[in-house]
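Engineer: Sending over target-v7.cif (mmCIF, C-alpha atoms and all ligand atoms).
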data_coords
#
loop_
_atom_site.label_atom_id
_atom_site.label_comp_id
_atom_site.auth_asym_id
_atom_site.auth_seq_id
_atom_site.Cartn_x
_atom_site.Cartn_y
_atom_site.Cartn_z
CA MET A 502 85.28 133.15 121.12
CA ASN A 503 86.29 136.62 120.02
CA THR A 504 88.38 136.17 116.86
CA LEU A 505 88.67 139.85 115.97
CA LYS A 506 92.24 140.92 115.23
CA ARG A 507 93.37 143.59 117.66
CA ILE A 508 95.59 146.42 116.41
CA ASP A 509 98.25 147.39 118.90
CA PRO A 510 98.24 151.20 118.83
CA ARG A 511 101.81 151.14 120.12
CA ARG A 512 103.09 148.79 117.43
CA PRO A 513 106.64 149.71 116.42
CA PHE A 514 107.33 152.44 113.92
CA THR A 515 110.28 154.32 112.59
CA ILE A 516 110.62 157.65 110.87
CA THR A 517 112.82 157.44 107.81
CA ALA A 518 113.72 159.96 105.15
CA GLU A 519 110.56 158.79 103.39
CA GLY A 520 108.32 159.63 106.30
CA LEU A 521 106.68 157.50 108.95
CA ARG A 522 106.88 153.76 108.45
CA ARG A 523 104.99 151.26 110.51
CA ILE A 524 105.29 147.52 110.61
CA THR A 525 101.99 146.60 109.07
CA LEU A 526 99.55 144.03 110.33
CA GLY A 527 100.42 140.49 109.38
CA MET A 528 104.14 141.13 109.28
CA THR A 529 105.84 139.85 112.36
CA GLY A 530 109.24 138.72 113.48
CA VAL A 531 112.09 138.43 111.05
CA ALA A 532 110.11 139.41 107.93
CA ALA A 533 108.93 142.58 109.60
CA ALA A 534 112.38 143.37 110.89
CA MET A 535 113.87 142.87 107.42
CA ASP A 536 111.28 145.11 105.83
CA PHE A 537 111.89 147.57 108.61
CA ALA A 538 115.61 147.65 107.97
CA ALA A 539 115.05 147.98 104.23
CA SER A 540 112.34 150.59 104.39
CA GLY A 541 114.67 153.54 104.23
CA SER A 542 117.13 152.00 101.84
CA ALA A 543 116.64 152.80 98.18
CA ALA A 544 119.76 150.78 97.48
CA HIS A 545 118.09 147.67 98.88
CA ARG A 546 115.09 148.03 96.56
CA GLU A 547 117.44 148.71 93.68
CA HIS A 548 119.29 145.44 94.06
CA ALA A 549 116.02 143.58 93.72
CA ARG A 550 115.90 144.61 90.06
CA SER A 551 118.31 143.07 87.58
CA ARG A 552 120.14 144.66 84.65
CA ARG A 553 118.08 145.04 81.47
CA THR A 554 120.89 143.55 79.40
CA THR A 555 124.52 142.59 79.73
CA ALA A 556 125.05 141.80 76.03
CA ALA A 557 127.59 143.77 73.99
CA PRO A 558 125.86 146.83 72.49
CA GLN A 559 125.51 147.09 68.73
CA ARG A 560 123.06 149.97 68.55
CA VAL A 561 122.31 153.12 70.55
CA LEU A 562 119.13 154.94 71.55
CA LEU A 563 119.91 158.48 72.73
CA VAL A 564 117.71 160.29 75.24
CA ALA A 565 118.34 163.99 75.82
CA ALA A 566 116.75 166.09 78.56
CA ARG A 567 117.47 169.02 80.83
CA ALA A 568 117.91 168.48 84.53
CA ASP A 569 116.47 170.79 87.14
CA ARG A 570 118.47 171.15 90.35
CA GLY A 571 120.26 167.89 89.73
CA ALA A 572 117.25 165.75 88.82
CA LEU A 573 115.14 164.79 85.83
CA ASP A 574 111.44 165.58 86.11
CA ASP A 575 108.71 162.98 85.61
CA HIS A 576 108.34 163.72 81.92
CA ALA A 577 112.06 163.28 81.25
CA ARG A 578 112.10 160.04 83.27
CA GLN A 579 109.13 158.76 81.27
CA THR A 580 111.00 159.51 78.05
CA LEU A 581 114.08 157.66 79.25
CA ALA A 582 111.91 154.75 80.37
CA GLY A 583 110.25 154.70 76.94
CA ALA A 584 113.62 154.27 75.23
CA ALA A 585 114.73 151.63 77.74
CA LEU A 586 111.50 149.67 77.30
CA ILE A 587 111.79 149.43 73.53
CA ALA A 588 115.54 148.74 73.54
CA ASP A 589 116.46 145.15 72.69
CA ALA A 590 119.27 143.14 74.28
CA THR A 591 121.99 144.54 72.01
CA THR A 592 120.82 148.16 72.22
CA GLU A 593 122.38 150.61 74.61
CA VAL A 594 120.41 153.52 76.10
CA VAL A 595 122.54 156.66 76.39
CA LEU A 596 121.26 159.54 78.47
CA LEU A 597 122.49 163.06 77.68
CA VAL A 598 121.68 165.46 80.51
CA PHE A 599 121.84 169.23 80.09
CA GLY A 600 122.78 170.61 83.49
CA GLU A 601 124.08 169.02 86.63
CA PHE A 602 122.70 165.55 87.33
CA THR A 603 122.97 163.95 90.74
CA GLY A 604 120.37 161.21 90.23
CA ASP A 605 120.85 157.50 89.68
CA ALA A 606 120.99 156.97 85.91
CA ALA A 607 120.97 153.17 86.21
CA GLU A 608 117.79 153.22 88.26
CA LEU A 609 116.13 155.34 85.57
CA GLY A 610 117.11 152.81 82.89
CA ALA A 611 120.16 154.44 81.30
CA ASP A 612 123.19 152.37 80.35
CA LYS A 613 125.43 155.38 79.82
CA LEU A 614 125.21 158.87 81.27
CA ILE A 615 126.70 161.97 79.70
CA GLU A 616 126.33 164.99 81.94
CA LEU A 617 126.83 168.54 80.63
CA PRO A 618 126.89 170.59 83.84
CA MET A 619 127.79 173.81 81.99
CA PHE A 620 124.16 174.04 80.82
CA ASP A 621 122.30 175.79 83.61
CA ARG A 622 118.50 175.75 83.39
CA ARG A 623 118.42 179.40 84.36
CA SER A 624 120.30 180.48 81.25
CA PHE A 625 118.96 180.44 77.70
CA ALA A 626 121.41 178.88 75.24
CA PRO A 627 119.40 176.99 72.62
CA LEU A 628 122.14 177.02 70.01
CA ASP A 629 124.76 175.69 72.40
CA GLU A 630 122.36 172.92 73.35
CA LEU A 631 121.74 172.20 69.69
CA ASN A 632 125.49 171.99 69.03
CA ALA A 633 125.95 169.69 71.99
CA LEU A 634 123.14 167.39 70.91
CA ALA A 635 124.44 167.30 67.33
CA ALA A 636 127.97 166.52 68.58
CA CYS A 637 126.61 163.74 70.78
CA VAL A 638 124.65 162.28 67.87
CA ALA A 639 127.81 162.42 65.74
CA ALA A 640 129.76 160.62 68.46
CA TYR A 641 127.24 157.87 69.20
CA ALA A 642 125.30 157.53 65.92
CA PRO A 643 122.04 156.62 67.67
CA ALA A 644 119.28 154.84 65.77
CA HIS A 645 116.75 157.22 67.34
CA VAL A 646 116.85 160.32 69.56
CA PHE A 647 114.22 160.82 72.28
CA LEU A 648 113.28 164.02 74.09
CA PRO A 649 110.37 164.96 76.32
CA ASP A 650 107.97 167.13 74.31
CA ASN A 651 107.76 169.89 76.89
CA ALA A 652 107.51 173.68 76.67
CA THR A 653 110.58 174.28 78.81
CA GLY A 654 113.29 173.72 76.23
CA ASP A 655 113.53 170.03 75.38
CA GLY A 656 110.63 170.09 72.91
CA ASP A 657 112.17 173.12 71.24
CA LEU A 658 115.60 171.48 71.12
CA GLY A 659 114.18 168.34 69.48
CA ARG A 660 112.46 170.37 66.78
CA ARG A 661 115.54 172.49 66.13
CA TYR A 662 117.71 169.39 65.90
CA ALA A 663 115.33 167.61 63.51
CA ALA A 664 115.20 170.71 61.28
CA VAL A 665 118.97 171.20 61.21
CA ALA A 666 119.78 167.50 60.75
CA ASN A 667 116.98 167.05 58.21
CA ALA A 668 115.78 164.20 60.38
CA SER A 669 112.32 162.64 60.50
CA VAL A 670 110.45 163.65 63.63
CA ALA A 671 107.23 162.80 65.48
CA THR A 672 105.90 165.26 68.06
CA HIS A 673 103.36 164.87 70.88
CA VAL A 674 103.85 161.10 70.74
CA VAL A 675 101.35 159.33 72.99
CA GLU A 676 101.98 155.74 71.93
CA ILE A 677 105.28 154.05 71.23
CA ASP A 678 106.80 150.63 70.73
CA ALA A 679 109.92 149.32 69.02
CA VAL A 680 108.52 149.86 65.52
CA HIS A 681 105.92 152.61 65.60
CA VAL A 682 104.80 155.85 67.22
CA ALA A 683 101.35 157.46 67.28
CA ALA A 684 99.96 160.88 68.08
CA TYR A 685 96.58 162.57 68.11
CA ILE A 686 95.90 164.94 65.23
CA HIS A 687 93.05 167.12 63.97
CA ALA A 688 92.12 168.41 67.43
CA ASN A 689 92.32 164.90 68.88
CA THR A 690 89.72 163.52 66.46
CA ALA A 691 92.17 161.26 64.62
CA PHE A 692 95.16 159.10 65.47
CA ALA A 693 98.26 159.29 63.28
CA VAL A 694 100.59 156.28 63.22
CA ARG A 695 104.00 155.99 61.60
CA SER A 696 107.22 153.98 61.85
CA LEU A 697 109.71 155.05 64.52
CA PRO A 698 111.24 158.32 63.24
CA ASP A 699 114.78 159.64 63.83
CA VAL A 700 113.57 162.01 66.54
CA VAL A 701 110.78 161.09 68.96
CA LEU A 702 109.23 163.84 71.08
CA LEU A 703 107.21 162.11 73.74
CA ALA A 704 104.06 163.61 75.27
CA PRO A 705 103.78 163.52 79.08
CA ASN A 706 102.39 160.40 80.76
CA ALA A 707 102.73 158.17 77.70
CA VAL A 708 105.10 155.81 79.51
CA GLU A 709 105.20 154.46 83.06
CA PRO A 710 108.64 155.47 84.40
CA LYS A 711 108.88 152.66 86.96
CA LEU A 712 110.97 150.02 85.23
CA PRO A 713 111.23 146.33 86.07
CA PHE A 714 114.99 146.48 85.40
CA VAL A 715 117.95 148.83 85.79
CA GLY A 716 120.47 150.07 83.25
CA ALA A 717 124.26 149.87 83.48
CA GLY A 718 124.41 153.53 84.53
CA GLU A 719 128.00 154.06 83.42
CA ARG A 720 129.09 157.69 83.67
CA VAL A 721 130.93 158.77 80.52
CA VAL A 722 133.42 161.59 80.39
CA TRP A 723 132.61 163.45 77.19
CA ARG A 724 133.90 166.91 76.46
CA PHE A 725 131.76 169.35 74.59
CA ASP A 726 133.71 172.40 73.43
CA GLY A 727 131.02 174.24 71.50
CA GLU A 728 131.39 177.93 70.83
CA PRO A 729 128.99 179.89 73.06
CA ALA A 730 126.11 181.11 70.92
CA SER A 731 125.78 184.30 72.94
CA THR A 732 129.20 185.47 71.73
CA ARG A 733 128.02 185.02 68.14
CA GLY A 734 125.21 187.46 68.83
CA THR A 735 122.51 185.17 67.45
CA VAL A 736 120.79 184.68 70.79
CA ARG A 737 120.66 187.17 73.62
CA ASP A 738 119.81 185.91 77.07
CA LEU A 739 117.69 188.51 78.85
CA GLY A 740 117.89 186.60 82.12
CA ILE A 741 115.17 185.41 84.42
CA GLU A 742 112.70 187.81 85.96
CA GLU A 743 111.75 186.95 89.53
CA ILE A 744 108.04 187.39 90.25
CA ASP A 745 106.10 187.39 93.48
CA ALA A 746 105.19 183.78 94.28
CA ALA A 747 101.74 184.93 95.42
CA GLN A 748 101.00 186.01 91.83
CA LEU A 749 101.82 182.59 90.47
CA ALA A 750 99.03 180.17 89.56
CA LEU A 751 99.21 177.31 92.07
CA GLU A 752 99.47 174.81 89.22
CA GLU A 753 102.74 176.46 88.15
CA ALA A 754 104.24 177.01 91.61
CA ASP A 755 107.41 175.08 92.38
CA PHE A 756 107.29 175.70 96.11
CA ILE A 757 104.02 175.69 98.05
CA VAL A 758 103.24 176.07 101.72
CA SER A 759 99.78 174.83 102.51
CA ALA A 760 97.57 175.28 105.56
CA GLY A 761 94.91 173.00 106.98
CA ASN A 762 92.61 172.91 109.94
CA GLY A 763 95.63 172.75 112.26
CA VAL A 764 96.75 176.27 111.33
CA ASN A 765 95.24 179.00 113.53
CA ASP A 766 97.67 181.85 113.07
CA VAL A 767 96.97 182.66 109.42
CA PRO A 768 98.91 185.99 109.36
CA ALA A 769 102.07 184.20 110.63
CA PHE A 770 101.56 181.50 108.00
CA GLU A 771 101.15 184.10 105.23
CA ARG A 772 104.23 185.93 106.49
CA LEU A 773 106.20 182.71 106.23
CA ALA A 774 105.01 182.14 102.65
CA GLY A 775 106.13 185.66 101.73
CA THR A 776 109.50 185.26 103.40
CA LEU A 777 110.21 181.93 101.75
CA GLY A 778 108.88 183.04 98.37
CA ALA A 779 106.37 180.21 98.37
CA ALA A 780 102.87 180.12 96.91
CA ILE A 781 99.98 179.56 99.34
CA GLY A 782 97.70 176.53 99.25
CA ALA A 783 95.03 175.27 101.65
CA SER A 784 92.87 172.29 102.48
CA ARG A 785 89.14 172.40 101.86
CA VAL A 786 88.37 172.70 105.57
CA ALA A 787 90.65 175.76 105.85
CA VAL A 788 88.90 177.28 102.81
CA ASP A 789 85.41 176.40 104.06
CA ASP A 790 86.33 178.11 107.35
CA GLY A 791 86.94 181.31 105.41
CA LYS A 792 90.68 181.41 106.19
CA PHE A 793 91.60 181.32 102.48
CA THR A 794 89.88 182.04 99.20
CA ARG A 795 88.51 179.13 97.16
CA ASP A 796 91.24 179.46 94.48
CA LYS A 797 93.79 178.33 97.10
CA GLN A 798 92.11 174.97 97.65
CA ILE A 799 94.22 171.98 96.70
CA GLY A 800 92.70 168.58 96.11
CA ALA A 801 90.11 166.63 94.18
CA THR A 802 87.69 169.56 94.06
CA GLY A 803 90.47 172.17 94.03
CA LYS A 804 93.78 172.54 92.22
CA THR A 805 96.19 169.79 91.26
CA VAL A 806 99.74 170.95 91.92
CA GLU A 807 103.19 169.73 90.89
CA ALA A 808 105.52 171.60 93.23
CA SER A 809 109.05 170.40 93.90
CA VAL A 810 108.46 171.12 97.57
CA TYR A 811 105.05 171.05 99.28
CA ILE A 812 104.91 171.80 103.00
CA ALA A 813 101.60 170.81 104.58
CA PHE A 814 100.97 172.49 107.94
CA GLY A 815 98.18 170.92 110.00
CA ILE A 816 96.68 168.96 107.10
CA SER A 817 95.48 165.44 107.83
CA GLY A 818 96.00 164.16 104.29
CA ALA A 819 92.48 163.05 103.40
CA VAL A 820 92.37 161.12 100.12
CA GLN A 821 90.74 164.09 98.35
CA HIS A 822 93.63 166.34 99.41
CA LEU A 823 96.30 163.78 98.48
CA GLN A 824 94.81 163.57 95.00
CA GLY A 825 95.80 167.19 94.44
CA ILE A 826 99.43 166.70 95.50
CA LYS A 827 100.14 163.33 93.90
CA ASP A 828 102.64 164.88 91.47
CA CYS A 829 104.59 166.88 94.07
CA ARG A 830 108.21 165.83 94.37
CA HIS A 831 108.99 166.34 98.05
CA VAL A 832 106.17 166.55 100.57
CA ILE A 833 106.95 167.76 104.08
CA ALA A 834 104.21 167.38 106.68
CA VAL A 835 103.99 169.25 109.96
CA ASN A 836 101.39 167.59 112.15
CA LEU A 837 100.80 166.83 115.81
CA ASP A 838 99.52 163.38 114.90
CA ALA A 839 102.23 160.95 113.73
CA SER A 840 99.57 158.60 112.39
CA ALA A 841 97.83 161.19 110.18
CA PRO A 842 97.52 159.86 106.58
CA ILE A 843 99.68 162.71 105.28
CA ALA A 844 102.68 161.05 107.01
CA LYS A 845 102.38 158.08 104.66
CA ARG A 846 102.62 160.37 101.64
CA ALA A 847 105.24 162.70 103.10
CA ASN A 848 108.95 162.33 102.42
CA LEU A 849 109.60 164.00 105.75
CA THR A 850 107.19 164.32 108.66
CA VAL A 851 107.76 166.77 111.48
CA ILE A 852 105.68 165.83 114.51
CA ALA A 853 105.15 169.28 115.98
CA ASP A 854 102.68 172.08 116.49
CA ALA A 855 102.05 174.04 113.29
CA GLN A 856 102.07 177.44 115.01
CA GLU A 857 105.35 176.75 116.81
CA THR A 858 106.99 175.45 113.62
CA ILE A 859 105.80 178.42 111.57
CA ALA A 860 107.08 180.82 114.25
CA ALA A 861 110.44 179.01 114.37
CA LEU A 862 110.77 179.12 110.58
CA ASN A 863 109.84 182.81 110.52
CA GLU A 864 112.50 183.43 113.18
CA ALA A 865 115.10 181.42 111.28
CA ALA A 866 114.31 183.36 108.10
CA LEU A 867 114.64 186.65 109.97
CA ALA A 868 117.96 185.56 111.46
CA ALA A 869 119.24 184.54 108.02
CA ARG A 870 118.11 187.88 106.65
CA THR A 871 119.85 189.81 109.40
CA ALA A 872 123.02 187.75 108.97
CA ARG A 873 123.07 188.64 105.30
CA GLY A 874 122.42 192.28 106.16
CA THR A 875 119.68 192.57 103.59
CA GLY A 876 116.09 193.63 103.73
CA VAL A 877 115.11 190.89 101.33
CA ALA A 878 114.83 187.28 102.36
CA LEU A 879 117.14 185.21 100.25
CA LEU A 880 116.55 181.84 101.83
CA ASN A 881 116.56 179.24 99.14
CA THR A 882 114.31 176.88 101.03
CA THR A 883 113.53 174.75 98.01
CA ALA A 884 117.20 173.97 97.60
CA MET A 885 117.56 173.48 101.35
CA ALA A 886 114.69 171.04 101.47
CA GLU A 887 115.91 169.19 98.41
CA GLY A 888 119.39 169.00 99.86
CA ALA A 889 118.00 167.57 103.07
CA LEU A 890 115.92 165.03 101.23
CA ALA A 891 118.40 164.04 98.56
C1 LIG A 901 83.55 165.13 97.59
C2 LIG A 901 84.62 165.67 98.48
C3 LIG A 901 85.60 166.46 97.90
C4 LIG A 901 86.62 166.98 98.69
N1 LIG A 901 87.61 167.75 98.09
C5 LIG A 901 88.63 168.19 98.87
C6 LIG A 901 89.69 168.95 98.28
O1 LIG A 901 89.70 169.24 97.09
N2 LIG A 901 90.69 169.34 99.09
C7 LIG A 901 90.74 169.06 100.42
O2 LIG A 901 91.71 169.44 101.09
N3 LIG A 901 89.74 168.36 100.98
C8 LIG A 901 88.67 167.94 100.25
N4 LIG A 901 87.68 167.27 100.84
C9 LIG A 901 87.65 167.21 102.31
C10 LIG A 901 88.54 166.13 102.89
O3 LIG A 901 87.86 164.92 102.94
C11 LIG A 901 89.00 166.53 104.32
O4 LIG A 901 87.86 166.76 105.10
C12 LIG A 901 89.87 167.76 104.37
O5 LIG A 901 90.94 167.65 103.46
C13 LIG A 901 90.45 167.90 105.78
O6 LIG A 901 91.15 169.09 105.89
P1 LIG A 901 92.28 169.24 107.00
O7 LIG A 901 93.25 168.12 106.84
O8 LIG A 901 92.78 170.61 106.91
O9 LIG A 901 91.45 169.12 108.35
P2 LIG A 901 91.32 167.98 109.42
O10 LIG A 901 90.84 166.73 108.82
O11 LIG A 901 90.56 168.56 110.54
O12 LIG A 901 92.83 167.71 109.88
C14 LIG A 901 93.60 168.63 110.57
C15 LIG A 901 94.97 168.04 110.79
O13 LIG A 901 95.76 168.97 111.47
C16 LIG A 901 96.41 168.36 112.57
N5 LIG A 901 96.54 169.38 113.59
C17 LIG A 901 95.59 169.88 114.40
N6 LIG A 901 96.10 170.87 115.16
C18 LIG A 901 97.40 170.96 114.84
C19 LIG A 901 98.45 171.80 115.27
N7 LIG A 901 98.28 172.74 116.22
N8 LIG A 901 99.68 171.63 114.71
C20 LIG A 901 99.90 170.68 113.76
N9 LIG A 901 98.94 169.87 113.32
C21 LIG A 901 97.70 170.01 113.85
C22 LIG A 901 95.54 167.21 112.98
O14 LIG A 901 96.31 166.20 113.59
C23 LIG A 901 94.96 166.77 111.64
O15 LIG A 901 95.79 165.79 111.04
C24 LIG A 901 86.64 166.73 100.07
C25 LIG A 901 85.65 165.91 100.64
C26 LIG A 901 84.66 165.42 99.86
C27 LIG A 901 83.63 164.54 100.48
#
What would you get if you wrote out this structure as structure tokens?
Ligand SMILES: Cc1cc2nc3c(=O)[nH]c(=O)nc-3n(C[C@H](O)[C@H](O)[C@H](O)COP(=O)(O)OP(=O)(O)OC[C@H]3O[C@@H](n4cnc5c(N)ncnc54)[C@H](O)[C@@H]3O)c2cc1C
Structural biologist:
Amino acid sequence: MNTLKRIDPRRPFTITAEGLRRITLGMTGVAAAMDFAASGSAAHREHARSRRTTAAPQRVLLVAARADRGALDDHARQTLAGAALIADATTEVVLLVFGEFTGDAAELGADKLIELPMFDRRSFAPLDELNALAACVAAYAPAHVFLPDNATGDGDLGRRYAAVANASVATHVVEIDAVHVAAYIHANTAFAVRSLPDVVLLAPNAVEPKLPFVGAGERVVWRFDGEPASTRGTVRDLGIEEIDAAQLALEEADFIVSAGNGVNDVPAFERLAGTLGAAIGASRVAVDDGKFTRDKQIGATGKTVEASVYIAFGISGAVQHLQGIKDCRHVIAVNLDASAPIAKRANLTVIADAQETIAALNEAALAARTARGTGVALLNTTAMAEGALA
């Protein structure tokens, strides 16, 4: 008797905001239908996790970080998770966000959220941020303050605060628990350990941000009326200089359009990248075919990228390619084949011809440009995509 399991190629599927979802083998009937219904619902998954604590707080851990377009990046989420993981039942985790925050603070482990939307990432106001952090510390008297040790402002803020407040500080922290922190020193040849200091600056990837619990996530109205530093003349903001995305190293690009074997019209694809202000990436096959130079290759034997938006045109999503985009925030796939592996990774999958989609996007960009009456494309596609995926 033939006992081989047959896979029905027409087994049911649905396309959710998270991409293509299939009912997998072994799941039938009600269980499958329930999973199906829940597959697009973050709220459903959320309810499966319980609150970290419901006890009355006696102590506070403060986490401060800047948001980018309404969200915390991985590093900031790891830092928040680190504080939540070492907090005991009577400790409250307060999250102070510089900039607008539209994320779910409870899901990230915060019990309280203080949002300071007046701090825009595009402006440079280190002294205002310092004043705000100091005021927040004065208001909440946290046992410890945590910041991501990054080069985009939070690491600097933590150091400034520690210096001004004469607080103990540990930087580049790679190991943490409720009583100690540790960091590499002497060119990574030694490991320095100390008790938990006042200010902890956490290195990236020291903590797994996926938590087994949720926080209370209470939004707190807290007014910060600091005097703008710029008016005191101490700091002058010279603004942000826009540079051609094509000049940007792929590893630093925030918006990447990437071409695979399914892209034939390379000039149209390159035109689209230029119009959208996106950096260009490619699969190994597209590079091997001579369509793109080797430095554009993304994947295990190419570049690893961390873009907020990654649009993959005609890329199958082989494991070696997916390795290079594992840290991208929103992946959009354009592919003729709904069952291509990229669809499992993608947040949004467009089942369509790459050439037609590229032409349509080029047309839409041109129309937007004409409507604005400007010779320069001003489409903020990153924001559009994020808005659509939020
Ligand atoms: C050791 C090793 C290292 C590797 N390193 C890398 C690496 O760093 N990076 C990398 O990318 N690969 C790497 N590879 C290769 C990898 O395994 C795949 O072969 C490669 O990624 C496939 O590229 P592709 O998706 O562009 O092409 P294909 O596999 O040919 O897929 C093309 C896709 O385009 C779709 N398509 C076709 N026509 C159209 C159309 N008109 N419109 C829309 N969609 C269309 C198809 O449905 C298909 O999904 C490596 C392999 C090995 C063995």
Engineer: List all protein, DNA and RNA residues that have an atom no more than 7 Å from any atom of ligand LIG 901 (chain A), counting all atoms listed in the file, and report them as a PyMOL selection string.
Structural biologist: chain A and resi 760-764+783-787+798-803+814-822+825+835-838+841+853-856
Engineer: To one decimal in Å, tell me the separation between atom CA of Ala607 of chain A and atom CA of Leu562 of chain A.
Structural biologist: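 Computing it gives 14.9 Å between the two atoms.
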Engineer: With distances taken over all atoms listed in the file, which of A:Ala808, A:Leu631, A:Leu773, A:Val715 is nearest to Ala582 of chain A?
Structural biologist: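 Closest candidate: A:Val715.
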Engineer: Please indicate the distance in Å from atom CA of Ile826 of chain A to atom CA of Leu581 of chain A, rounded to one decimal place.
Structural biologist: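 Interatomic distance here is 23.7 Å.
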Engineer: Pick from A:Ala861, A:Val721, A:Ala844, A:Leu739: nearest to Ala769 of chain A, with all atoms listed in the file counted?
Structural biologist: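 With all atoms listed in the file as the atom set, the closest residue is A:Ala861.
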Engineer: Rounded to one decimal in Å, what is the spacing between atom CA of Pro643 of chain A and atom CA of Arg550 of chain A?
Structural biologist: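 Those two atoms sit 26.1 Å apart.
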Engineer: List as a ChimeraX atom specification: which residues have an atom within 8 Å of (115.4, 159.3, 72.3), counting all atoms listed in the file?
Structural biologist: /A:562-565,580-581,584,645-648,700-702
Engineer: Got time to write the residues from that selection, C-alpha atoms, as a compact mmCIF listing (two decimals), in the coordinates of the input?
Structural biologist:
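Written out: again.txt:
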# COMPACT_ATOMS: atom_id res chain seq x y z
CA LEU A 562 119.13 154.94 71.55
CA LEU A 563 119.91 158.48 72.73
CA VAL A 564 117.71 160.29 75.24
CA ALA A 565 118.34 163.99 75.82
CA THR A 580 111.00 159.51 78.05
CA LEU A 581 114.08 157.66 79.25
CA ALA A 584 113.62 154.27 75.23
CA HIS A 645 116.75 157.22 67.34
CA VAL A 646 116.85 160.32 69.56
CA PHE A 647 114.22 160.82 72.28
CA LEU A 648 113.28 164.02 74.09
CA VAL A 700 113.57 162.01 66.54
CA VAL A 701 110.78 161.09 68.96
CA LEU A 702 109.23 163.84 71.08
Engineer: Which one of A:Val708, A:Ala663, A:Ala872, A:Ala747 sits closest to Arg772 of chain A if you count all atoms listed in the file?
Structural biologist: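 Selected residue with least distance to Arg772 of chain A: A:Ala747.
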Engineer: Can you pull out the residues contacting Ser696 of chain A? Cut-off 8 Å, using all atoms listed in the file, and skip same-chain residues under 2 positions away; I want them as a PyMOL selection string.
Structural biologist: chain A and resi 680-682+694+698
Engineer: Would you mind exporting C-alpha atoms of the selected residues as a PDB file, in the frame of the given file?
Structural biologist:
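After the write, again.pdb holds the following:
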ATOM      1  CA  VAL A 680     108.520 149.860  65.520  1.00  0.00           C
ATOM      2  CA  HIS A 681     105.920 152.610  65.600  1.00  0.00           C
ATOM      3  CA  VAL A 682     104.800 155.850  67.220  1.00  0.00           C
ATOM      4  CA  VAL A 694     100.590 156.280  63.220  1.00  0.00           C
ATOM      5  CA  PRO A 698     111.240 158.320  63.240  1.00  0.00           C
TER       6      PRO A 698
END
Engineer: Excluding Asp569 of chain A and its own-chain neighbours fewer than 5 positions away, which residues fall within 10 Å of it when counting all atoms listed in the file? Please give them as a ChimeraX atom specification.
Structural biologist: /A:574,598-602,621-623
Engineer: With distances taken over only C-alpha atoms, which residue among A:Val638, A:Ile859, A:Leu586, A:Ala566 lies nearest Ala666 of chain A?
Structural biologist: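 For Ala666 of chain A, the nearest of the given residues is A:Val638.
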Engineer: Determine the nearest neighbour of Leu749 of chain A from the options A:Asp796, A:Asp612, A:Asp828, A:Asp657, counting all atoms listed in the file.
Structural biologist: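 Checking each of A:Asp796, A:Asp612, A:Asp828, A:Asp657 against Leu749 of chain A, counting all atoms listed in the file, the winner is A:Asp796.
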Engineer: Could you work out an axis-aligned bounding box for all listed atoms of segment 667-678 of chain A, with 6 Å added on each of the six sides, and give its centre and edge lengths in Å to one decimal, as lines of an AutoDock Vina configuration file?
Structural biologist:
center_x = 109.2
center_y = 158.8
center_z = 65.6
size_x = 27.6
size_y = 28.4
size_z = 26.8
Engineer: Ranking A:Ala635, A:Ala611, A:Ala780, A:Ala642 by minimum distance to Ala588 of chain A and counting all atoms listed in the file, which one comes first?
Structural biologist: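 Residue with the minimum atom-to-atom distance to Ala588 of chain A: A:Ala611.
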